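Asker: Next comes my_file25.cif, mmCIF, C-alpha atoms:
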```cif
data_final
loop_
_atom_site.label_atom_id
_atom_site.label_comp_id
_atom_site.auth_asym_id
_atom_site.auth_seq_id
_atom_site.Cartn_x
_atom_site.Cartn_y
_atom_site.Cartn_z
CA MET A 1 10.14 94.21 25.26
CA THR A 2 12.38 93.85 22.23
CA PRO A 3 14.12 90.44 22.08
CA PRO A 4 17.92 90.56 21.89
CA ALA A 5 19.41 90.31 18.44
CA GLU A 6 21.08 87.01 17.52
CA PRO A 7 24.87 87.16 17.32
CA PRO A 8 26.47 87.03 13.88
CA ALA A 9 27.27 83.57 12.53
CA HIS A 10 31.04 84.08 12.73
CA VAL A 11 30.78 84.99 16.43
CA ALA A 12 28.74 81.89 17.14
CA ASP A 13 31.25 79.72 15.34
CA THR A 14 34.19 81.02 17.39
CA SER A 15 32.57 80.64 20.80
CA PRO A 16 33.79 77.87 23.10
CA PRO A 17 32.39 74.71 21.51
CA GLY A 18 29.83 72.66 23.36
CA ARG A 19 28.55 69.27 22.26
CA SER A 20 26.68 70.53 19.19
CA ALA A 21 29.47 72.86 18.13
CA LEU A 22 32.01 70.06 18.49
CA ALA A 23 29.77 67.78 16.43
CA ARG A 24 29.65 70.38 13.64
CA LEU A 25 33.42 70.76 13.84
CA LEU A 26 33.90 66.99 13.55
CA ASP A 27 31.57 66.88 10.55
CA ARG A 28 33.69 69.51 8.79
CA ALA A 29 36.86 67.61 9.72
CA ARG A 30 35.46 64.41 8.23
CA MET A 31 34.61 66.25 5.01
CA GLN A 32 38.16 67.64 4.91
CA GLU A 33 39.64 64.18 5.50
CA GLY A 34 37.42 62.68 2.81
CA GLY A 35 38.69 65.28 0.36
CA LEU A 36 42.28 64.46 1.32
CA LEU A 37 41.65 60.77 0.65
CA VAL A 38 40.42 61.67 -2.84
CA VAL A 39 43.55 63.81 -3.39
CA ILE A 40 45.77 60.93 -2.25
CA LEU A 41 44.03 58.47 -4.58
CA VAL A 42 44.25 60.84 -7.55
CA LEU A 43 47.89 61.67 -6.83
CA GLY A 44 48.73 57.99 -6.50
CA LEU A 45 46.97 57.23 -9.78
CA LEU A 46 48.83 59.99 -11.61
CA LEU A 47 52.18 58.84 -10.23
CA THR A 48 51.39 55.26 -11.21
CA VAL A 49 50.49 56.24 -14.77
CA PHE A 50 53.34 58.67 -15.44
CA SER A 51 56.18 57.14 -13.42
CA GLY A 52 56.97 54.40 -15.94
CA THR A 53 58.63 51.10 -15.12
CA VAL A 54 61.99 49.91 -13.90
CA ARG A 55 63.70 46.52 -13.84
CA THR A 56 64.75 45.42 -10.36
CA PRO A 57 66.79 42.40 -9.26
CA VAL A 58 65.05 39.36 -7.79
CA PHE A 59 66.07 38.19 -4.32
CA ALA A 60 65.28 34.99 -2.45
CA THR A 61 65.73 34.03 1.19
CA GLY A 62 68.64 31.65 1.65
CA ALA A 63 68.93 28.75 4.08
CA ASP A 64 70.58 31.02 6.68
CA GLY A 65 67.79 33.61 6.40
CA THR A 66 69.76 36.17 4.37
CA GLN A 67 68.62 37.68 1.08
CA GLU A 68 70.45 36.30 -1.99
CA ARG A 69 70.33 37.28 -5.66
CA VAL A 70 68.48 34.90 -7.98
CA TYR A 71 70.27 33.89 -11.19
CA VAL A 72 68.81 32.45 -14.38
CA THR A 73 70.30 31.05 -17.57
CA ASN A 74 69.86 33.14 -20.69
CA ASP A 75 69.58 31.97 -24.32
CA ALA A 76 73.37 31.87 -24.62
CA GLY A 77 73.63 29.50 -21.67
CA GLU A 78 75.10 32.15 -19.37
CA SER A 79 74.05 32.64 -15.75
CA VAL A 80 72.74 36.18 -15.32
CA PRO A 81 70.91 37.94 -12.46
CA ALA A 82 67.12 37.58 -12.68
CA THR A 83 65.16 40.82 -12.91
CA VAL A 84 61.49 41.76 -12.87
CA GLU A 85 59.78 44.81 -14.35
CA LYS A 86 57.85 46.95 -11.85
CA ASN A 87 56.03 50.25 -11.82
CA LYS A 88 58.35 52.87 -10.30
CA PHE A 89 55.69 54.13 -7.88
CA PHE A 90 53.16 51.36 -7.41
CA ASN A 91 55.33 48.53 -6.12
CA ALA A 92 55.57 47.00 -2.67
CA GLN A 93 59.09 48.22 -1.92
CA ASN A 94 58.38 51.85 -2.83
CA LEU A 95 55.07 51.88 -0.93
CA ALA A 96 56.80 50.46 2.15
CA GLN A 97 59.46 53.18 1.88
CA LEU A 98 56.72 55.81 1.46
CA ALA A 99 54.93 54.56 4.59
CA LYS A 100 58.13 54.62 6.66
CA ASP A 101 59.13 58.13 5.52
CA THR A 102 55.62 59.43 6.17
CA SER A 103 55.51 58.09 9.73
CA PHE A 104 58.28 60.37 11.07
CA ILE A 105 56.70 63.57 9.70
CA ALA A 106 53.15 62.44 10.54
CA ILE A 107 53.96 61.90 14.22
CA MET A 108 55.30 65.46 14.51
CA ALA A 109 52.42 66.81 12.40
CA VAL A 110 49.90 65.54 14.95
CA GLY A 111 51.61 67.58 17.69
CA MET A 112 51.93 70.58 15.37
CA SER A 113 48.21 70.40 14.55
CA VAL A 114 47.33 70.66 18.24
CA VAL A 115 49.48 73.81 18.50
CA ILE A 116 47.96 75.35 15.35
CA ILE A 117 44.41 74.51 16.46
CA ALA A 118 45.13 76.44 19.67
CA GLY A 119 46.13 79.45 17.55
CA GLY A 120 49.90 79.02 17.89
CA ILE A 121 52.85 77.96 15.74
CA ASP A 122 56.10 76.10 16.47
CA LEU A 123 59.03 76.89 14.20
CA SER A 124 61.48 75.09 16.49
CA VAL A 125 60.16 71.57 15.91
CA GLY A 126 63.09 70.60 13.66
CA ALA A 127 65.64 71.96 16.16
CA ILE A 128 63.89 70.13 19.02
CA TYR A 129 64.09 66.98 16.93
CA ALA A 130 67.83 67.53 16.39
CA LEU A 131 68.68 68.26 20.04
CA ALA A 132 66.59 65.35 21.33
CA SER A 133 68.19 63.11 18.71
CA VAL A 134 71.81 63.92 19.63
CA LEU A 135 71.24 63.79 23.40
CA GLY A 136 69.32 60.54 23.07
CA ALA A 137 72.12 59.20 20.85
CA MET A 138 74.71 60.07 23.50
CA ALA A 139 72.69 58.23 26.15
CA LEU A 140 72.19 55.19 23.92
CA HIS A 141 75.87 55.19 22.90
CA ALA A 142 76.85 54.87 26.56
CA PHE A 143 75.00 51.54 26.69
CA GLY A 144 76.14 50.36 23.24
CA PRO A 145 78.94 47.89 22.43
CA GLY A 146 81.69 50.51 22.79
CA GLY A 147 80.09 52.55 25.58
CA ASP A 148 81.06 52.97 29.21
CA HIS A 149 78.05 50.96 30.37
CA ALA A 150 78.02 48.20 27.77
CA THR A 151 77.52 45.55 30.47
CA VAL A 152 74.20 46.99 31.59
CA ALA A 153 71.07 45.07 30.55
CA PRO A 154 69.99 46.22 27.05
CA TRP A 155 66.40 46.93 28.09
CA LEU A 156 67.60 49.31 30.80
CA GLY A 157 69.94 51.17 28.46
CA VAL A 158 67.30 51.48 25.76
CA GLY A 159 64.73 52.66 28.32
CA LEU A 160 67.02 55.37 29.67
CA GLY A 161 67.99 56.49 26.17
CA ALA A 162 64.33 56.70 25.14
CA ALA A 163 63.50 58.67 28.30
CA VAL A 164 66.29 61.14 27.58
CA CYS A 165 65.25 61.61 23.95
CA VAL A 166 61.53 62.12 24.55
CA GLY A 167 62.04 63.92 27.88
CA VAL A 168 64.43 66.52 26.43
CA ALA A 169 62.03 67.21 23.55
CA ALA A 170 59.05 67.56 25.88
CA LEU A 171 61.05 69.89 28.13
CA CYS A 172 62.00 72.08 25.14
CA GLY A 173 58.33 72.31 24.17
CA LEU A 174 57.38 73.19 27.74
CA ILE A 175 60.02 75.96 27.83
CA ASN A 176 58.66 77.34 24.56
CA GLY A 177 55.16 77.40 25.99
CA GLY A 178 56.36 78.95 29.26
CA LEU A 179 58.17 81.77 27.47
CA ILE A 180 55.15 82.46 25.26
CA VAL A 181 52.83 82.61 28.27
CA ALA A 182 55.18 84.52 30.59
CA LEU A 183 56.46 87.09 28.11
CA ARG A 184 53.18 87.40 26.16
CA VAL A 185 55.16 87.42 22.92
CA HIS A 186 53.87 85.99 19.65
CA PRO A 187 54.79 82.27 19.30
CA PHE A 188 56.46 83.02 15.96
CA ILE A 189 59.16 85.10 17.68
CA ILE A 190 59.77 82.73 20.60
CA THR A 191 59.95 79.57 18.51
CA LEU A 192 62.09 81.25 15.84
CA GLY A 193 64.63 82.17 18.50
CA ALA A 194 64.37 78.71 20.05
CA MET A 195 65.06 77.16 16.65
CA ALA A 196 68.46 78.88 16.46
CA ILE A 197 69.33 78.32 20.12
CA LEU A 198 68.47 74.62 20.24
CA ARG A 199 70.23 73.77 17.00
CA GLY A 200 73.27 75.70 18.23
CA ILE A 201 73.26 73.70 21.47
CA ALA A 202 73.09 70.48 19.45
CA PHE A 203 76.08 71.53 17.36
CA VAL A 204 78.18 72.64 20.35
CA THR A 205 77.35 69.43 22.22
CA THR A 206 78.43 67.16 19.39
CA LYS A 207 81.05 69.48 17.80
CA GLY A 208 79.44 68.57 14.49
CA GLN A 209 80.28 64.88 14.87
CA SER A 210 77.98 61.94 14.24
CA ILE A 211 77.03 59.76 17.22
CA GLY A 212 76.25 56.09 16.81
CA GLY A 213 77.04 52.73 18.42
CA PHE A 214 73.65 51.96 19.96
CA PRO A 215 72.58 48.69 21.62
CA PRO A 216 71.86 46.19 18.80
CA ALA A 217 68.54 45.20 20.38
CA PHE A 218 67.26 48.75 19.96
CA ARG A 219 68.04 48.90 16.25
CA GLU A 220 66.67 45.40 15.65
CA LEU A 221 63.38 46.39 17.30
CA VAL A 222 62.87 49.63 15.36
CA ARG A 223 64.05 48.14 12.05
CA TYR A 224 61.87 45.04 12.29
CA GLU A 225 60.39 44.53 8.84
CA VAL A 226 57.87 42.27 7.13
CA GLY A 227 57.26 41.64 3.45
CA ASN A 228 59.14 43.94 1.11
CA GLY A 229 60.80 46.13 3.73
CA LEU A 230 57.67 47.36 5.55
CA SER A 231 58.83 48.80 8.90
CA LEU A 232 56.19 47.91 11.46
CA VAL A 233 57.39 49.86 14.50
CA PRO A 234 57.31 53.40 12.99
CA LEU A 235 53.89 52.66 11.49
CA ALA A 236 52.55 51.25 14.76
CA VAL A 237 53.78 54.27 16.72
CA MET A 238 52.27 56.62 14.11
CA LEU A 239 48.90 54.87 14.47
CA VAL A 240 49.04 55.06 18.27
CA VAL A 241 49.91 58.77 18.20
CA THR A 242 47.16 59.45 15.65
CA ILE A 243 44.52 57.59 17.67
CA ALA A 244 45.64 59.26 20.91
CA GLY A 245 45.59 62.68 19.22
CA GLY A 246 42.15 62.02 17.76
CA ILE A 247 40.72 60.96 21.12
CA PHE A 248 42.32 63.95 22.84
CA LEU A 249 40.91 66.47 20.38
CA SER A 250 37.46 65.00 19.76
CA ARG A 251 36.53 63.13 22.95
CA LEU A 252 38.16 64.88 25.90
CA ALA A 253 37.27 68.17 27.53
CA ALA A 254 40.92 69.22 27.24
CA GLY A 255 40.65 68.94 23.46
CA ARG A 256 37.54 71.10 23.40
CA ARG A 257 39.44 73.74 25.33
CA VAL A 258 42.14 73.71 22.64
CA TYR A 259 39.51 74.36 19.95
CA ALA A 260 37.89 77.05 22.10
CA ILE A 261 41.15 78.96 22.59
CA GLY A 262 42.00 78.77 18.90
CA GLY A 263 38.51 79.88 17.89
CA ASN A 264 38.28 82.85 20.25
CA GLU A 265 40.84 83.19 23.04
CA LEU A 266 39.09 86.11 24.72
CA ALA A 267 35.75 84.28 24.85
CA ALA A 268 37.50 81.16 26.13
CA ARG A 269 39.16 83.17 28.91
CA PHE A 270 35.83 84.75 29.94
CA SER A 271 34.21 81.30 30.00
CA GLY A 272 36.65 80.16 32.67
CA ILE A 273 39.20 78.25 30.61
CA ARG A 274 42.74 78.50 31.97
CA VAL A 275 44.30 79.61 28.70
CA GLU A 276 47.90 79.68 29.93
CA ARG A 277 47.75 76.10 31.16
CA VAL A 278 46.32 74.90 27.85
CA LYS A 279 49.04 76.69 25.90
CA LEU A 280 51.73 75.07 28.04
CA GLY A 281 50.15 71.70 27.35
CA VAL A 282 49.96 72.05 23.57
CA TYR A 283 53.62 73.07 23.24
CA LEU A 284 54.63 70.23 25.53
CA LEU A 285 52.73 67.83 23.27
CA SER A 286 54.41 69.27 20.18
CA GLY A 287 57.83 68.78 21.74
CA ALA A 288 57.00 65.25 22.89
CA THR A 289 55.93 64.17 19.39
CA ALA A 290 59.19 65.57 17.98
CA GLY A 291 61.03 63.47 20.57
CA ILE A 292 59.12 60.33 19.63
CA ALA A 293 59.95 60.85 15.95
CA ALA A 294 63.62 61.46 16.85
CA LEU A 295 63.75 58.25 18.87
CA LEU A 296 62.38 56.21 15.98
CA ALA A 297 64.87 57.84 13.60
CA LEU A 298 67.73 56.91 15.96
CA GLY A 299 66.70 53.28 15.87
CA TYR A 300 66.16 53.22 12.12
CA TYR A 301 69.24 55.12 10.92
CA GLY A 302 71.58 54.20 13.77
CA ALA A 303 73.23 57.62 14.22
CA ALA A 304 72.49 61.27 14.92
CA THR A 305 74.08 64.61 14.04
CA SER A 306 73.29 68.23 14.88
CA GLY A 307 72.12 68.71 11.30
CA ASP A 308 69.25 66.25 11.64
CA GLY A 309 65.79 67.65 11.04
CA GLN A 310 66.89 70.46 8.71
CA GLY A 311 63.81 71.78 6.93
CA TYR A 312 61.41 69.68 9.00
CA GLU A 313 59.68 72.87 10.13
CA LEU A 314 58.28 73.44 6.64
CA ASN A 315 57.30 69.80 6.09
CA VAL A 316 55.58 69.44 9.46
CA ILE A 317 53.68 72.74 9.23
CA ALA A 318 52.79 71.94 5.62
CA ALA A 319 51.43 68.53 6.63
CA ALA A 320 49.27 70.11 9.36
CA VAL A 321 47.96 72.89 7.09
CA VAL A 322 47.30 70.60 4.12
CA GLY A 323 45.56 68.28 6.59
CA GLY A 324 43.03 70.98 7.42
CA ALA A 325 44.55 72.88 10.37
CA SER A 326 43.75 76.58 9.99
CA LEU A 327 46.59 78.98 10.77
CA THR A 328 43.98 81.28 12.33
CA GLY A 329 43.23 78.56 14.89
CA GLY A 330 40.17 76.59 15.92
CA LYS A 331 40.19 73.99 13.15
CA GLY A 332 42.08 70.78 12.41
CA SER A 333 42.33 67.10 13.33
CA ALA A 334 44.93 64.42 14.06
CA LEU A 335 43.88 62.20 11.15
CA GLY A 336 43.99 65.18 8.80
CA ALA A 337 47.59 65.85 9.88
CA VAL A 338 48.58 62.28 9.02
CA LEU A 339 46.86 62.44 5.65
CA GLY A 340 48.53 65.80 5.00
CA ALA A 341 51.91 64.24 5.81
CA LEU A 342 51.17 61.47 3.32
CA VAL A 343 50.35 64.04 0.62
CA ILE A 344 53.60 65.90 1.29
CA GLN A 345 55.64 62.70 1.22
CA MET A 346 53.95 61.56 -1.99
CA ILE A 347 54.94 64.87 -3.58
CA ASN A 348 58.54 64.38 -2.47
CA SER A 349 58.52 60.79 -3.72
CA GLY A 350 56.95 61.83 -7.01
CA ILE A 351 59.66 64.44 -7.60
CA VAL A 352 62.30 61.70 -7.34
CA ILE A 353 60.39 59.12 -9.38
CA LEU A 354 59.57 61.52 -12.20
CA GLY A 355 63.17 62.67 -12.42
CA ILE A 356 62.45 66.28 -11.46
CA ASP A 357 65.32 68.27 -9.98
CA GLN A 358 65.03 67.86 -6.20
CA ASN A 359 65.92 71.52 -5.72
CA TYR A 360 62.33 72.21 -6.77
CA SER A 361 60.86 70.19 -3.88
CA GLN A 362 60.84 73.09 -1.40
CA ILE A 363 59.30 75.36 -4.04
CA ILE A 364 56.51 72.87 -4.69
CA ILE A 365 55.81 72.23 -1.01
CA GLY A 366 55.77 75.98 -0.30
CA ALA A 367 53.28 76.48 -3.12
CA VAL A 368 51.10 73.69 -1.70
CA VAL A 369 51.07 75.40 1.71
CA ILE A 370 50.06 78.74 0.17
CA ALA A 371 47.33 77.03 -1.85
CA ALA A 372 46.01 75.28 1.27
CA VAL A 373 45.89 78.57 3.20
CA VAL A 374 44.13 80.35 0.32
CA LEU A 375 41.54 77.58 0.07
CA ASP A 376 40.99 77.68 3.84
CA ASN A 377 40.44 81.44 3.74
CA LEU A 378 38.07 81.05 0.79
CA ASN A 379 36.13 78.35 2.63
CA THR A 380 35.87 80.57 5.72
CA TRP A 381 34.65 83.51 3.63
CA LEU A 382 32.01 81.35 1.95
CA ALA A 383 30.88 80.00 5.32
CA ARG A 384 30.37 83.55 6.60
CA ARG A 385 28.55 84.64 3.44
CA ARG A 386 26.13 81.69 3.50
CA PRO A 387 23.99 82.86 6.50
CA VAL A 388 23.84 86.37 5.02
CA ALA A 389 22.59 85.00 1.71
CA GLN A 390 19.99 82.82 3.46
CA ALA A 391 18.75 85.84 5.44
#
```
Kindly present the structure from the file in structure tokens form.

Answerer:
Amino acid sequence: MTPPAEPPAHVADTSPPGRSALARLLDRARMQEGGLLVVILVLGLLLTVFSGTVRTPVFATGADGTQERVYVTNDAGESVPATVEKNKFFNAQNLAQLAKDTSFIAIMAVGMSVVIIAGGIDLSVGAIYALASVLGAMALHAFGPGGDHATVAPWLGVGLGAAVCVGVAALCGLINGGLIVALRVHPFIITLGAMAILRGIAFVTTKGQSIGGFPPAFRELVRYEVGNGLSLVPLAVMLVVTIAGGIFLSRLAAGRRVYAIGGNELAARFSGIRVERVKLGVYLLSGATAGIAALLALGYYGAATSGDGQGYELNVIAAAVVGGASLTGGKGSALGAVLGALVIQMINSGIVILGIDQNYSQIIIGAVVIAAVVLDNLNTWLARRRPVAQA
């Protein structure tokens, strides 16, 4: 009796991953993340070398806890502000700003990576961010100093505002997933339409006006800083989301189902995985992470408008793709998404520091995304050629 022929390597790779397949996937993810760390170090070194220096004023903490300028006496006996020369990129204040800016995009990139791993895409993430931001701002404003419920306990007002912000975003993600599953339309079309609808709702709701006046306790919490302006809360939330995303994708059965659907949806369906339920879940997660980022932005900036989140779609998708998420599905990680967000933010920061026209930033980021996709396709082609060469 003739033994059955072994399936091709690419078929084996796209089957629903068991323990060994997941282990191989995690090994590839770690290699990708190691490469990203090298890229970050090299990019940081180049920015440090070529950014030059700048003189910044010296501040000291006064007796009342406020920051005050330090003055010194020059050779002519005049009192002048003290300054210190620093590297434009590699200084504590700029690194703290870089970490804070990265956290907002990184949180959304983790949710986007889960969607892309499942073989989907979410172009509405920026619009979800905007709608959640303005509705959350309206709820928080009601409990602020000039709101209708200013006498309510701050913790209750902040809790309700946070629930509105994250809940609206999660609901938008769930609706996206429901439409994709029910109508069996490509996610690109559904989320593109949702992007226009949700941003339009945000504009109509606010009439283009900015909404602020939040409870002071909320802003004080989110803006809590240590050292040279290092914002702890956005960083802490980013770490929690990254760890939770990593555990979900690499340790839980639900995460393995996400990889299985992205690798081969038909095989996953035949193996008993409830594909529709998983798709609903990944879009809900994407929306929820956009809501979390919007909530942090409300606390940090203190206001919201319908124009918030413009262009975030490109930055978030770019962070996920640069972090190793394959647009064909079945590959990616939460840590890779965060490292990809850091690379994107370093590019944006470098454009400013090096004095390059900021109009080129979108061009550069778009080129980085194309390069990442080309490299991913090349890596996939080489992986398929390797077993043939060994045979």

Asker: Mind pulling up the distance from atom CA of Gly120 of chain A to atom CA of Ile190 of chain A?

Answerer: 10.9 Å

Asker: Just the number, please: distance in Å from atom CA of Trp155 of chain A to atom CA of Tyr129 of chain A, one decimal.

Answerer: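 Computing it gives 23.1 Å between the two atoms.
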
Asker: Between A:Asp101, A:Asp75, A:Glu68, A:Asp122, which is the closest to Leu296 of chain A once you count all atoms listed in the file?

Answerer: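 Of the candidates, the smallest distance to Leu296 of chain A is held by A:Asp101.
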
Asker: If the PyMOL selection byres ((chain A and resi 42-53) around 8) is run on the structure shown, which residues does it catch, given as a PDB file with C-alpha atoms, in the coordinates of the input?

Answerer:
```pdb
ATOM      1  CA  VAL A  38      40.420  61.670  -2.840  1.00  0.00           C
ATOM      2  CA  VAL A  39      43.550  63.810  -3.390  1.00  0.00           C
ATOM      3  CA  ILE A  40      45.770  60.930  -2.250  1.00  0.00           C
ATOM      4  CA  LEU A  41      44.030  58.470  -4.580  1.00  0.00           C
ATOM      5  CA  VAL A  54      61.990  49.910 -13.900  1.00  0.00           C
ATOM      6  CA  ARG A  55      63.700  46.520 -13.840  1.00  0.00           C
ATOM      7  CA  GLU A  85      59.780  44.810 -14.350  1.00  0.00           C
ATOM      8  CA  LYS A  86      57.850  46.950 -11.850  1.00  0.00           C
ATOM      9  CA  ASN A  87      56.030  50.250 -11.820  1.00  0.00           C
ATOM     10  CA  LYS A  88      58.350  52.870 -10.300  1.00  0.00           C
ATOM     11  CA  PHE A  89      55.690  54.130  -7.880  1.00  0.00           C
ATOM     12  CA  PHE A  90      53.160  51.360  -7.410  1.00  0.00           C
ATOM     13  CA  MET A 346      53.950  61.560  -1.990  1.00  0.00           C
ATOM     14  CA  GLY A 350      56.950  61.830  -7.010  1.00  0.00           C
ATOM     15  CA  ILE A 353      60.390  59.120  -9.380  1.00  0.00           C
ATOM     16  CA  LEU A 354      59.570  61.520 -12.200  1.00  0.00           C
TER      17      LEU A 354
END
```

Asker: Val374 of chain A: which residues within 12 Å, counting all atoms listed in the file, same-chain residues fewer than 4 positions away excluded, as a PyMOL selection string?

Answerer: chain A and resi 321-322+324+326-327+367-370+378-381
